[in-house]
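Colleague: Structure provided below as C-alpha cells; questions to follow.
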Amino acid sequence: MSTQLLTNAISFEENPLYETIINDILEQGFSICDVFFTESLISDLREEILTRYTQSELKKAAIGNRVNESIEKEIRGDYIQWIDEQKANTTESQFFDAINSFKNYLNKTCFMGLLHQEFHYAVYPQGTFYKKHIDTFQNDDRRKLSMVCYLNDEFWEDSNGGELVLYPENLEEVVIRPLPGRVVIFESQILEHEVKEILKDKRLSITGWLKTR
C-alpha cells in the first residue's frame, strides 16, 4: 500500500448515520432520517424561511427546469427561493456544511461522482399541493438524489396535511409526515412522489438535489 493510500485509509472514518442512509437507499430507494441536522439549526432555518416568506421574497414555483419552466397551479402550488451557497449567511452555511459532508462521504464510499447541489426554500400555503411526479427532466438528468428537510414547528399536526407520499416500485406507497427536522432522501430518477394538500397552516421545508456533472 502506498503512503498516500495508507494516509487516506487511516483518515477515513465510517459515519454510522450516513451508512444507515446509504443502506436504506440501496434496499428501498429512500431513507427517512430525523437527526440529520441539529435542533438549533432547524430552528434557525425555520426563522430564516418565515422571515423571507413574510417579506415576499419567495416566488411562485414553476414546472420544469430553469431552461423551460411554466407555472401550473393545477400541478404544484408552492412558493420557493433558491439558496445561493456562495452568498449563504451563517445559518445557511451550516446547512451546506452538513450537505457537503454527506456528499463527500457518498463520493468516497459509493463513488457517485456528485459534483454539485442545488437547494431552495419552499412554502406550501393552505390549499396547495404537488401532484405525483419524478425529479428529473427530459433535457437534464444530472439529479441523482433528492433531499427534503422539513422546517415545521413541533406543533405540526397530522390534520394539517402536507404529507410526502413516495411510490416505490413493487412496494406499497409510503406516507411521510413533515415533522420538524425530518430529512427524506431518495433516488431522483426512479422514485415517483407527491405532496398531499395542505389543509391547515403552511408547510415549510428546504428541498434540493445532489447532482453529477
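To be explicit about the labels: the chains of the C-alpha cells are called A, B, and onward in the order shown, and within each one the residues are counted from 1, while ligands get numbers from 1 in the order they are shown.
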Between stretch 21-54 of chain A and stretch 177-187 of chain A, at 7 Å or less, what are the per-residue closest atom pairs and their distances in Å? Count only C-alpha atoms, order by chain and rising residue number, and return it as JSON lines.
Modeller:
{"residue": "A:Ile25", "atom": "CA", "partner": "A:Phe186", "partner_atom": "CA", "distance": 6.7}
{"residue": "A:Gly29", "atom": "CA", "partner": "A:Phe186", "partner_atom": "CA", "distance": 5.7}
{"residue": "A:Phe30", "atom": "CA", "partner": "A:Phe186", "partner_atom": "CA", "distance": 4.1}
{"residue": "A:Ser31", "atom": "CA", "partner": "A:Ile185", "partner_atom": "CA", "distance": 5.2}
{"residue": "A:Ile32", "atom": "CA", "partner": "A:Val184", "partner_atom": "CA", "distance": 4.7}
{"residue": "A:Cys33", "atom": "CA", "partner": "A:Val183", "partner_atom": "CA", "distance": 5.1}
{"residue": "A:Asp34", "atom": "CA", "partner": "A:Arg182", "partner_atom": "CA", "distance": 4.3}
{"residue": "A:Phe36", "atom": "CA", "partner": "A:Val183", "partner_atom": "CA", "distance": 6.7}
{"residue": "A:Phe37", "atom": "CA", "partner": "A:Gly181", "partner_atom": "CA", "distance": 6.7}
{"residue": "A:Glu39", "atom": "CA", "partner": "A:Gly181", "partner_atom": "CA", "distance": 6.9}
{"residue": "A:Ile42", "atom": "CA", "partner": "A:Gly181", "partner_atom": "CA", "distance": 5.9}
Colleague: What parts of stretch 86-144 of chain A does DSSP call helix (DSSP H, G or I)? I'd like the answer as a list of chain:residue names.
Modeller: A:Gln86, A:Lys87, A:Thr90, A:Thr91, A:Glu92, A:Ser93, A:Gln94, A:Phe95, A:Phe96, A:Asp97, A:Ala98, A:Ile99, A:Asn100, A:Ser101, A:Phe102, A:Lys103, A:Asn104, A:Tyr105, A:Leu106, A:Asn107, A:Lys108, A:Thr109, A:Cys110
Colleague: Using only C-alpha atoms, pick whichever of A:Arg143, A:Lys60, A:Glu85, A:Phe129 has the shortest atom-to-atom distance to A:Gly113.
Modeller: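 For A:Gly113, the nearest of the given residues is A:Arg143.
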Colleague: I need the residues of chain A that end up classed as strand (DSSP E or B) by DSSP on the backbone, written out as a PyMOL selection string.
Modeller: chain A and resi 30-33+59-60+63+70+76+79-82+116-124+130-133+137+140+143-150+161+164-167+174-176+183-187+192-195+198+203-211
Colleague: Might you pull out every residue within 12 Å of A:Thr212, with only C-alpha atoms counted and same-chain residues fewer than 2 positions away left off, and present them as a list in words?
Modeller: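 Residues near the query, excluding close chain neighbours: Lys103, Asn107, Phe111, Met112, Gly113, Leu114, Leu115, His116, Gln117, Glu118, Asp140, Asp141, Arg142, Arg143, Lys144, Leu145, Ser188, Trp209 and Leu210 of chain A.
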Colleague: Just want the 12 Å neighbourhood of A:Glu19, counted on only C-alpha atoms, with same-chain residues fewer than 5 positions away dropped. Output as an NGL selection string.
Modeller: :A and (13-14 or 24-26 or 31 or 33 or 102 or 105-106 or 108-110)
Colleague: Kindly save the residues from that selection, with N, CA and C atoms included, as a CSV table (one decimal), in the first residue's frame.
Modeller:
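Saved file again25.csv follows:
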chain,number,residue,atom,x,y,z
A,13,GLU,N,-13.1,7.8,8.3
A,13,GLU,CA,-13.8,7.2,9.4
A,13,GLU,C,-15.3,7.0,9.0
A,14,GLU,N,-15.7,5.8,9.3
A,14,GLU,CA,-17.1,5.4,8.9
A,14,GLU,C,-18.1,6.2,9.7
A,24,ASP,N,-30.4,2.2,3.5
A,24,ASP,CA,-31.8,2.4,3.2
A,24,ASP,C,-32.0,2.6,1.7
A,25,ILE,N,-31.2,3.5,1.1
A,25,ILE,CA,-31.4,3.8,-0.3
A,25,ILE,C,-31.1,2.6,-1.2
A,26,LEU,N,-30.1,1.8,-0.8
A,26,LEU,CA,-29.8,0.6,-1.6
A,26,LEU,C,-30.9,-0.4,-1.5
A,31,SER,N,-34.6,7.0,2.2
A,31,SER,CA,-34.3,7.0,3.6
A,31,SER,C,-35.0,8.1,4.3
A,33,CYS,N,-34.7,10.2,7.9
A,33,CYS,CA,-33.8,10.5,9.0
A,33,CYS,C,-34.2,11.7,9.8
A,102,PHE,N,-22.0,15.1,3.7
A,102,PHE,CA,-22.7,13.9,3.3
A,102,PHE,C,-22.4,13.6,1.8
A,105,TYR,N,-18.9,12.1,1.6
A,105,TYR,CA,-18.9,10.7,2.1
A,105,TYR,C,-19.5,9.8,1.0
A,106,LEU,N,-20.5,10.2,0.3
A,106,LEU,CA,-21.1,9.3,-0.7
A,106,LEU,C,-20.1,9.1,-1.9
A,108,LYS,N,-16.8,9.1,-1.6
A,108,LYS,CA,-15.7,8.3,-1.1
A,108,LYS,C,-16.2,6.8,-1.0
A,109,THR,N,-17.4,6.6,-0.5
A,109,THR,CA,-17.8,5.2,-0.3
A,109,THR,C,-18.6,4.6,-1.4
A,110,CYS,N,-19.3,5.4,-2.2
A,110,CYS,CA,-20.2,4.8,-3.2
A,110,CYS,C,-19.8,5.3,-4.6
Colleague: When you count only C-alpha atoms, which of these residues is closest to A:Ile83: A:Ile21, A:Ile206, A:Ala98, A:Val175?
Modeller: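 Answer, going by the shortest atom-to-atom distance: A:Ile206.
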Colleague: Which residue out of A:Thr207, A:Asn15, A:Asn23, A:Asn104 has the minimum interatomic distance to A:Ala122 when only C-alpha atoms are used?
Modeller: A:Thr207
